[in-house]
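Trainee: protein18.tsv (TSV, C-alpha atoms and all ligand atoms) pasted underneath:
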chain	number	residue	atom	x	y	z
A	1	MET	CA	20.68	8.69	19.26
A	2	SER	CA	20.01	8.50	15.55
A	3	ALA	CA	17.48	6.06	14.17
A	4	PHE	CA	18.42	3.23	11.86
A	5	ILE	CA	17.01	4.03	8.42
A	6	ILE	CA	14.89	1.25	6.93
A	7	ASP	CA	15.79	1.31	3.24
A	8	GLY	CA	12.52	0.52	1.45
A	9	LYS	CA	14.12	0.89	-1.94
A	10	SER	CA	16.63	-1.91	-1.42
A	11	ILE	CA	14.14	-4.14	0.43
A	12	ALA	CA	11.67	-3.72	-2.46
A	13	LYS	CA	14.46	-4.56	-4.89
A	14	ARG	CA	15.24	-7.75	-2.98
A	15	ILE	CA	11.58	-8.81	-2.98
A	16	LYS	CA	11.32	-8.21	-6.72
A	17	GLU	CA	14.55	-10.17	-7.32
A	18	GLU	CA	13.05	-13.09	-5.40
A	19	LEU	CA	10.01	-12.98	-7.69
A	20	ARG	CA	12.03	-13.10	-10.89
A	21	PRO	CA	12.70	-16.88	-10.91
A	22	LYS	CA	9.04	-17.52	-10.09
A	23	VAL	CA	7.93	-15.40	-13.05
A	24	LEU	CA	10.40	-17.24	-15.26
A	25	GLY	CA	9.18	-20.62	-14.02
A	26	LEU	CA	5.56	-19.72	-14.72
A	27	ALA	CA	6.45	-18.30	-18.14
A	28	GLU	CA	8.25	-21.55	-19.03
A	29	GLN	CA	5.02	-23.40	-18.33
A	30	GLY	CA	3.21	-20.96	-20.66
A	31	LYS	CA	1.66	-19.11	-17.74
A	32	GLN	CA	3.34	-15.72	-17.80
A	33	PRO	CA	1.76	-13.55	-15.07
A	34	GLY	CA	-0.27	-10.67	-16.50
A	35	LEU	CA	-1.45	-7.39	-14.98
A	36	ALA	CA	-4.04	-5.03	-16.46
A	37	VAL	CA	-3.84	-1.44	-15.29
A	38	VAL	CA	-6.85	0.79	-15.82
A	39	ILE	CA	-6.42	4.54	-15.59
A	40	VAL	CA	-9.24	7.03	-16.09
A	41	GLY	CA	-8.66	10.70	-16.86
A	42	ASP	CA	-5.41	12.63	-16.62
A	43	ASN	CA	-4.53	12.83	-12.93
A	44	SER	CA	-0.78	13.46	-13.01
A	45	ALA	CA	-0.02	11.56	-9.77
A	46	SER	CA	-2.00	8.55	-11.05
A	47	ARG	CA	-0.01	8.68	-14.30
A	48	VAL	CA	3.27	8.54	-12.34
A	49	TYR	CA	2.08	5.54	-10.28
A	50	VAL	CA	0.80	3.68	-13.35
A	51	ASN	CA	4.10	4.21	-15.15
A	52	MET	CA	6.02	2.91	-12.12
A	53	LYS	CA	3.83	-0.20	-11.97
A	54	LYS	CA	4.25	-0.89	-15.71
A	55	LYS	CA	8.02	-0.45	-15.40
A	56	ALA	CA	8.18	-2.92	-12.50
A	57	CYS	CA	6.22	-5.44	-14.60
A	58	SER	CA	8.55	-5.12	-17.56
A	59	GLU	CA	11.65	-5.46	-15.36
A	60	LEU	CA	10.31	-8.73	-13.96
A	61	GLY	CA	8.96	-10.20	-17.19
A	62	ILE	CA	5.35	-9.78	-16.10
A	63	TYR	CA	3.00	-9.07	-19.00
A	64	SER	CA	1.17	-5.78	-18.54
A	65	GLU	CA	-1.41	-3.87	-20.50
A	66	GLU	CA	-2.64	-0.37	-19.88
A	67	HIS	CA	-6.18	0.79	-20.48
A	68	ALA	CA	-6.10	4.59	-20.49
A	69	LEU	CA	-9.66	5.85	-20.62
A	70	PRO	CA	-10.98	9.39	-21.04
A	71	ALA	CA	-12.33	11.15	-17.94
A	72	THR	CA	-15.73	11.24	-19.68
A	73	ILE	CA	-16.07	7.45	-19.84
A	74	ARG	CA	-19.47	6.15	-18.79
A	75	GLN	CA	-19.83	3.85	-15.82
A	76	ASP	CA	-21.28	0.99	-17.94
A	77	GLN	CA	-18.34	1.22	-20.38
A	78	LEU	CA	-15.84	0.97	-17.55
A	79	LEU	CA	-17.67	-1.99	-16.00
A	80	ASP	CA	-17.78	-3.73	-19.41
A	81	LEU	CA	-14.01	-3.36	-19.70
A	82	ILE	CA	-13.51	-4.87	-16.24
A	83	ARG	CA	-15.79	-7.79	-17.10
A	84	ASP	CA	-13.74	-8.38	-20.28
A	85	LEU	CA	-10.54	-8.38	-18.19
A	86	ASN	CA	-12.16	-10.79	-15.70
A	87	ARG	CA	-12.64	-13.23	-18.60
A	88	ASN	CA	-9.21	-12.65	-20.21
A	89	PRO	CA	-6.96	-15.68	-19.46
A	90	ARG	CA	-3.79	-13.61	-20.04
A	91	ILE	CA	-4.69	-11.35	-17.14
A	92	HIS	CA	-4.17	-12.49	-13.55
A	93	GLY	CA	-4.36	-9.13	-11.84
A	94	ILE	CA	-6.62	-6.11	-12.45
A	95	LEU	CA	-5.73	-2.77	-10.97
A	96	VAL	CA	-7.96	0.28	-11.30
A	97	GLN	CA	-5.91	3.32	-10.38
A	98	LEU	CA	-7.79	5.42	-7.83
A	99	PRO	CA	-9.16	8.02	-7.40
A	100	LEU	CA	-11.74	7.88	-10.20
A	101	PRO	CA	-13.58	10.95	-11.53
A	102	ASP	CA	-16.61	11.89	-9.40
A	103	HIS	CA	-19.30	10.58	-11.76
A	104	LEU	CA	-17.97	7.01	-11.42
A	105	ASP	CA	-18.95	4.78	-8.51
A	106	GLU	CA	-15.58	3.63	-7.14
A	107	GLN	CA	-17.06	0.95	-4.90
A	108	LEU	CA	-19.11	-0.58	-7.72
A	109	VAL	CA	-16.01	-0.62	-9.93
A	110	ILE	CA	-14.00	-2.42	-7.24
A	111	GLU	CA	-16.80	-4.92	-6.67
A	112	THR	CA	-16.94	-5.74	-10.38
A	113	ILE	CA	-13.34	-7.01	-10.35
A	114	ASP	CA	-13.16	-10.81	-10.07
A	115	PRO	CA	-11.88	-11.38	-6.48
A	116	ALA	CA	-9.44	-13.95	-7.91
A	117	LYS	CA	-7.79	-11.07	-9.85
A	118	ASP	CA	-8.09	-8.44	-7.12
A	119	VAL	CA	-4.35	-7.88	-6.65
A	120	ASP	CA	-4.96	-4.51	-4.97
A	121	GLY	CA	-6.90	-6.29	-2.23
A	122	PHE	CA	-9.76	-3.75	-2.15
A	123	HIS	CA	-12.67	-6.05	-3.08
A	124	PRO	CA	-15.01	-6.74	-0.11
A	125	MET	CA	-14.20	-10.44	-0.54
A	126	SER	CA	-10.46	-9.74	-0.11
A	127	VAL	CA	-11.17	-7.44	2.85
A	128	GLY	CA	-13.32	-10.13	4.49
A	129	LYS	CA	-10.66	-12.79	3.98
A	130	LEU	CA	-8.06	-10.51	5.52
A	131	MET	CA	-10.33	-9.89	8.48
A	132	ILE	CA	-10.94	-13.56	9.28
A	133	GLY	CA	-7.42	-14.73	8.46
A	134	LEU	CA	-8.04	-16.60	5.20
A	135	PRO	CA	-5.39	-16.57	2.47
A	136	GLY	CA	-5.97	-13.89	-0.17
A	137	PHE	CA	-4.50	-10.69	-1.50
A	138	PRO	CA	-3.56	-8.24	1.27
A	139	PRO	CA	-3.65	-4.58	0.19
A	140	CYS	CA	-0.21	-3.70	-1.14
A	141	THR	CA	0.76	-0.72	1.04
A	142	PRO	CA	-0.01	-2.29	4.44
A	143	ALA	CA	1.54	-5.58	3.28
A	144	GLY	CA	4.67	-3.66	2.30
A	145	VAL	CA	4.78	-2.01	5.72
A	146	MET	CA	4.75	-5.46	7.34
A	147	GLU	CA	7.76	-6.48	5.22
A	148	LEU	CA	9.61	-3.36	6.33
A	149	ILE	CA	8.90	-4.08	10.00
A	150	LYS	CA	10.06	-7.69	9.51
A	151	THR	CA	13.52	-6.46	8.50
A	152	THR	CA	14.07	-4.97	11.97
A	153	GLY	CA	14.03	-8.52	13.37
A	154	ILE	CA	11.73	-7.38	16.19
A	155	SER	CA	8.74	-9.55	17.03
A	156	LEU	CA	5.43	-7.69	17.15
A	157	SER	CA	3.97	-10.09	19.68
A	158	GLY	CA	2.53	-8.11	22.60
A	159	LYS	CA	3.95	-4.81	21.31
A	160	GLU	CA	1.97	-1.57	21.40
A	161	CYS	CA	1.23	-0.74	17.75
A	162	VAL	CA	-0.41	2.57	16.91
A	163	VAL	CA	-1.79	3.25	13.43
A	164	ILE	CA	-2.72	6.85	12.65
A	165	GLY	CA	-5.36	6.82	9.91
A	166	ARG	CA	-8.36	4.55	9.32
A	167	SER	CA	-8.78	4.51	5.54
A	168	ASN	CA	-9.92	1.33	3.82
A	169	ILE	CA	-6.74	1.15	1.77
A	170	VAL	CA	-4.13	1.76	4.49
A	171	GLY	CA	-5.14	2.31	8.13
A	172	LYS	CA	-7.77	-0.39	8.66
A	173	PRO	CA	-6.03	-3.25	6.82
A	174	GLN	CA	-2.76	-2.21	8.47
A	175	ALA	CA	-4.33	-2.65	11.89
A	176	ILE	CA	-5.58	-6.13	10.96
A	177	LEU	CA	-2.15	-7.21	9.70
A	178	LEU	CA	-0.52	-6.01	12.93
A	179	LEU	CA	-3.15	-7.84	14.96
A	180	ARG	CA	-2.39	-11.01	13.02
A	181	GLU	CA	1.18	-10.73	14.31
A	182	ASN	CA	-0.18	-10.43	17.87
A	183	GLY	CA	0.42	-6.70	18.22
A	184	THR	CA	-1.74	-4.75	20.67
A	185	VAL	CA	-3.27	-2.37	18.18
A	186	THR	CA	-4.71	1.13	18.53
A	187	ILE	CA	-6.20	2.97	15.54
A	188	CYS	CA	-6.18	6.79	15.68
A	189	HIS	CA	-8.07	9.21	13.45
A	190	SER	CA	-9.14	12.83	13.23
A	191	LYS	CA	-11.39	12.54	16.30
A	192	THR	CA	-8.74	10.92	18.53
A	193	GLU	CA	-8.09	12.86	21.71
A	194	ASN	CA	-4.56	13.28	23.04
A	195	LEU	CA	-2.98	11.93	19.87
A	196	ALA	CA	0.55	12.74	21.06
A	197	GLU	CA	0.02	10.77	24.25
A	198	VAL	CA	-1.31	7.73	22.38
A	199	CYS	CA	1.59	7.91	19.92
A	200	ARG	CA	4.14	8.02	22.74
A	201	ARG	CA	2.92	4.61	23.92
A	202	ALA	CA	3.77	3.03	20.58
A	203	ASP	CA	6.59	0.54	20.15
A	204	VAL	CA	5.54	0.59	16.49
A	205	LEU	CA	4.07	3.79	15.10
A	206	ILE	CA	2.57	3.86	11.62
A	207	ALA	CA	1.54	7.21	10.17
A	208	ALA	CA	-0.98	7.14	7.30
A	209	VAL	CA	-2.61	10.52	7.61
A	210	GLY	CA	-1.74	12.66	4.60
A	211	ARG	CA	-0.60	15.67	6.66
A	212	PRO	CA	2.94	16.86	6.02
A	213	GLU	CA	5.34	16.26	8.93
A	214	MET	CA	2.64	16.30	11.62
A	215	ILE	CA	4.27	13.54	13.72
A	216	THR	CA	7.21	15.13	15.48
A	217	GLY	CA	9.96	13.71	17.66
A	218	GLU	CA	8.19	14.52	20.91
A	219	MET	CA	5.28	12.24	19.90
A	220	ILE	CA	7.58	9.23	19.59
A	221	LYS	CA	8.65	6.70	22.21
A	222	PRO	CA	12.45	6.40	22.39
A	223	GLY	CA	13.59	3.42	20.32
A	224	ALA	CA	10.25	2.95	18.50
A	225	ILE	CA	9.86	1.63	14.97
A	226	VAL	CA	8.36	4.50	12.93
A	227	ILE	CA	6.85	3.77	9.53
A	228	ASP	CA	5.83	6.77	7.46
A	229	VAL	CA	3.21	5.95	4.82
A	230	GLY	CA	2.42	9.59	4.04
A	231	MET	CA	3.31	11.14	0.72
A	232	ASN	CA	2.72	14.86	0.70
A	233	ARG	CA	3.85	17.44	-1.81
A	234	LYS	CA	4.89	20.70	-0.14
A	235	PRO	CA	4.29	24.05	-1.92
A	236	ASP	CA	7.99	24.12	-2.90
A	237	GLY	CA	7.50	20.76	-4.68
A	238	LYS	CA	9.38	18.71	-2.07
A	239	LEU	CA	7.91	15.30	-1.23
A	240	VAL	CA	7.59	14.73	2.52
A	241	GLY	CA	5.94	12.16	4.75
A	242	ASP	CA	3.56	12.49	7.68
A	243	VAL	CA	6.54	12.29	10.04
A	244	HIS	CA	8.92	15.15	10.72
A	245	PHE	CA	11.98	13.13	9.76
A	246	GLU	CA	14.70	15.12	11.44
A	247	SER	CA	13.14	15.37	14.91
A	248	ALA	CA	11.82	11.78	14.70
A	249	CYS	CA	15.26	10.46	13.81
A	250	SER	CA	16.75	11.61	17.07
A	251	VAL	CA	14.19	9.62	19.12
A	252	ALA	CA	13.13	6.58	17.07
A	253	GLY	CA	15.05	3.32	16.89
A	254	TRP	CA	14.08	2.65	13.26
A	255	ILE	CA	12.48	4.91	10.69
A	256	THR	CA	11.47	4.86	7.03
A	257	PRO	CA	12.39	7.81	4.80
A	258	VAL	CA	10.09	9.55	2.30
A	259	PRO	CA	10.74	8.97	-0.53
A	260	GLY	CA	12.43	5.56	-0.49
A	261	GLY	CA	10.45	3.92	2.32
A	262	VAL	CA	6.93	2.60	1.92
A	263	GLY	CA	6.39	3.77	-1.68
A	264	PRO	CA	8.67	1.23	-3.43
A	265	MET	CA	7.24	-1.53	-1.22
A	266	THR	CA	3.70	-0.90	-2.46
A	267	ILE	CA	4.81	-1.69	-6.00
A	268	ALA	CA	6.85	-4.73	-4.95
A	269	MET	CA	3.81	-6.16	-3.14
A	270	LEU	CA	1.63	-5.55	-6.19
A	271	MET	CA	4.08	-7.62	-8.22
A	272	LYS	CA	4.02	-10.30	-5.53
A	273	ASN	CA	0.21	-10.47	-5.55
A	274	THR	CA	0.16	-10.68	-9.35
A	275	VAL	CA	2.64	-13.56	-9.39
A	276	GLN	CA	0.68	-15.30	-6.63
A	277	SER	CA	-2.52	-14.91	-8.65
A	278	ALA	CA	-0.91	-16.41	-11.77
A	279	ASN	CA	0.48	-19.25	-9.68
A	280	GLU	CA	-2.94	-20.01	-8.20
A	281	ARG	CA	-4.56	-19.99	-11.64
A	282	ALA	CA	-1.90	-22.26	-13.05
A	301	LIG	P1	-7.13	9.18	3.78
A	301	LIG	O1	-7.26	10.65	3.56
A	301	LIG	O2	-8.12	8.26	3.17
A	301	LIG	O3	-7.12	8.90	5.37
A	301	LIG	C1	-6.43	9.73	6.25
A	301	LIG	C2	-6.71	9.30	7.65
A	301	LIG	O4	-6.01	10.18	8.53
A	301	LIG	C3	-8.19	9.37	8.05
A	301	LIG	O5	-8.57	8.21	8.75
A	301	LIG	C4	-8.27	10.61	8.93
A	301	LIG	O6	-9.22	10.50	9.97
A	301	LIG	C5	-6.89	10.62	9.55
A	301	LIG	N1	-6.52	11.98	9.96
A	301	LIG	C6	-6.61	13.12	9.26
A	301	LIG	N2	-6.20	14.16	10.01
A	301	LIG	C7	-5.84	13.66	11.20
A	301	LIG	C8	-5.34	14.23	12.39
A	301	LIG	N3	-5.11	15.54	12.50
A	301	LIG	N4	-5.07	13.42	13.43
A	301	LIG	C9	-5.29	12.10	13.35
A	301	LIG	N5	-5.76	11.49	12.24
A	301	LIG	C10	-6.04	12.26	11.18
A	301	LIG	O7	-5.65	8.82	3.34
A	301	LIG	P2	-4.97	7.41	2.87
A	301	LIG	O8	-5.09	6.42	3.95
A	301	LIG	O9	-5.42	7.08	1.52
A	301	LIG	O10	-3.45	7.90	2.76
A	301	LIG	C11	-2.74	8.41	3.87
A	301	LIG	C12	-1.40	8.92	3.39
A	301	LIG	O11	-0.66	7.82	2.86
A	301	LIG	C13	-1.46	9.95	2.27
A	301	LIG	O12	-0.37	10.86	2.44
A	301	LIG	C14	-1.23	9.14	1.01
A	301	LIG	O13	-0.66	9.90	-0.03
A	301	LIG	C15	-0.26	8.11	1.52
A	301	LIG	N6	-0.28	6.86	0.77
A	301	LIG	C16	0.93	6.35	0.40
A	301	LIG	C17	1.01	5.16	-0.29
A	301	LIG	C18	2.34	4.64	-0.62
A	301	LIG	O14	2.45	3.77	-1.46
A	301	LIG	N7	3.41	5.14	0.01
A	301	LIG	C19	-0.19	4.43	-0.67
A	301	LIG	C20	-1.41	4.99	-0.17
A	301	LIG	C21	-1.44	6.18	0.52
A	301	LIG	P3	-10.82	10.44	9.68
A	301	LIG	O15	-11.09	9.04	9.22
A	301	LIG	O16	-11.42	10.73	11.01
A	301	LIG	O17	-11.11	11.47	8.64
What does this structure look like when you write it as structure tokens?
Mentor:
Amino acid sequence: MSAFIIDGKSIAKRIKEELRPKVLGLAEQGKQPGLAVVIVGDNSASRVYVNMKKKACSELGIYSEEHALPATIRQDQLLDLIRDLNRNPRIHGILVQLPLPDHLDEQLVIETIDPAKDVDGFHPMSVGKLMIGLPGFPPCTPAGVMELIKTTGISLSGKECVVIGRSNIVGKPQAILLLRENGTVTICHSKTENLAEVCRRADVLIAAVGRPEMITGEMIKPGAIVIDVGMNRKPDGKLVGDVHFESACSVAGWITPVPGGVGPMTIAMLMKNTVQSANERA
């Protein structure tokens, strides 16, 4: 058996194409969606992500502005910038590229963003809304994963869903989104015992660990949907996921590749949240 490959790149493209007429419609009413991207310091991975986000904006006709700040910026200066962006009517979404340098308080920065412009979905208000099922901005990566699962046509209702990883940006919100779809959800982490056994129960297995190729074929239930959120750079420069693709492919029913799986979806969902924000402000 060889798993069906879920093509995140083309699914992300389709989602962005669907946004295009909405952006155009808003622009015609003088309400062009706008995204502000804040990047601090010179983290090379962050630079790549920021460039990809700006490119997606320009392809869709979304206004974007970049605020590239030196690594030495003071906390109060960064917070002042965010407050300015909160007040700026051209801006509907504010994204602060993480991680921030150590001297900056990441949580305080996130909490300073106006929740109405929190297109990353990291503000405690957005997290709370997600938790209790109110409309808001879901974090982009887990929301993108849900779109990928949707394309399999398989209902999550009553299915065993296992999420490996419990970070605030991926694992936890992912679990909540799966629960919303009536999945029976288990969250695993570094203290989980018998990880392989738990994974083998999963009809839907989502790996968000940050450990290259740690999920192998023998940890997967035959026919399962396997979503690989991990993005790990091997010493030889190759980008790999948390799932050992080759062995997983021979067991899983569906699988996402790395690259070309979850990554493009994260950006598509950011665009979606930004357009939604502009639409709600309109
Ligand atoms: P974090 O480092 O914040 O979280 C990793 C999680 O994995 C933690 O909950 C940790 O457990 C758990 N973990 C670590 N080791 C093990 C283990 N041996 N067994 C079981 N669980 C373990 O990472 P993120 O959530 O931020 O990211 C996860 C991965 O996803 C990374 O590779 C990242 O690059 C990628 N990513 C990809 C995105 C995309 O757009 N494609 C977006 C965001 C992230 P504990 O809590 O106990 O420490």
Trainee: Quick one: of A:Leu85, A:Ala252, A:Val96, A:Val162, who's nearest to Leu179 (chain A), counting only C-alpha atoms?
Mentor: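 Answer, going by the shortest atom-to-atom distance: A:Val162.
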Trainee: Can you pull out every residue within 9 Å of region 97-101 of chain A, counting only C-alpha atoms, but drop anything in the same chain fewer than 3 positions away, and send it as a list in words?
Mentor: Val37, Val38, Ile39, Val40, Gly41, Asn43, Ser46, Arg47, Tyr49, Val50, Ala71, Thr72, Leu104, Asp105 and Glu106 of chain A
Trainee: For ligand LIG 301 (chain A), collect every residue having any atom at a distance of at most 6 Å from a ligand atom (counting only C-alpha atoms and all ligand atoms); output as a VMD selection string.
Mentor: chain A and resid 141 164 to 167 169 to 171 188 to 191 208 to 210 229 to 232 262 to 263 266
Trainee: Between A:Ile220, A:Ala202, A:Ile154, A:Leu195, single out the one closest to Glu181 (chain A), counting only C-alpha atoms.
Mentor: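 Ranking A:Ile220, A:Ala202, A:Ile154, A:Leu195 by distance to Glu181 (chain A), first place goes to A:Ile154.
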Trainee: Counting only C-alpha atoms, figure out which residue out of A:Ser155, A:Ser247, A:Ser44, A:Gln32 gets nearest to Val275 (chain A).
Mentor: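 Ranking A:Ser155, A:Ser247, A:Ser44, A:Gln32 by distance to Val275 (chain A), first place goes to A:Gln32.
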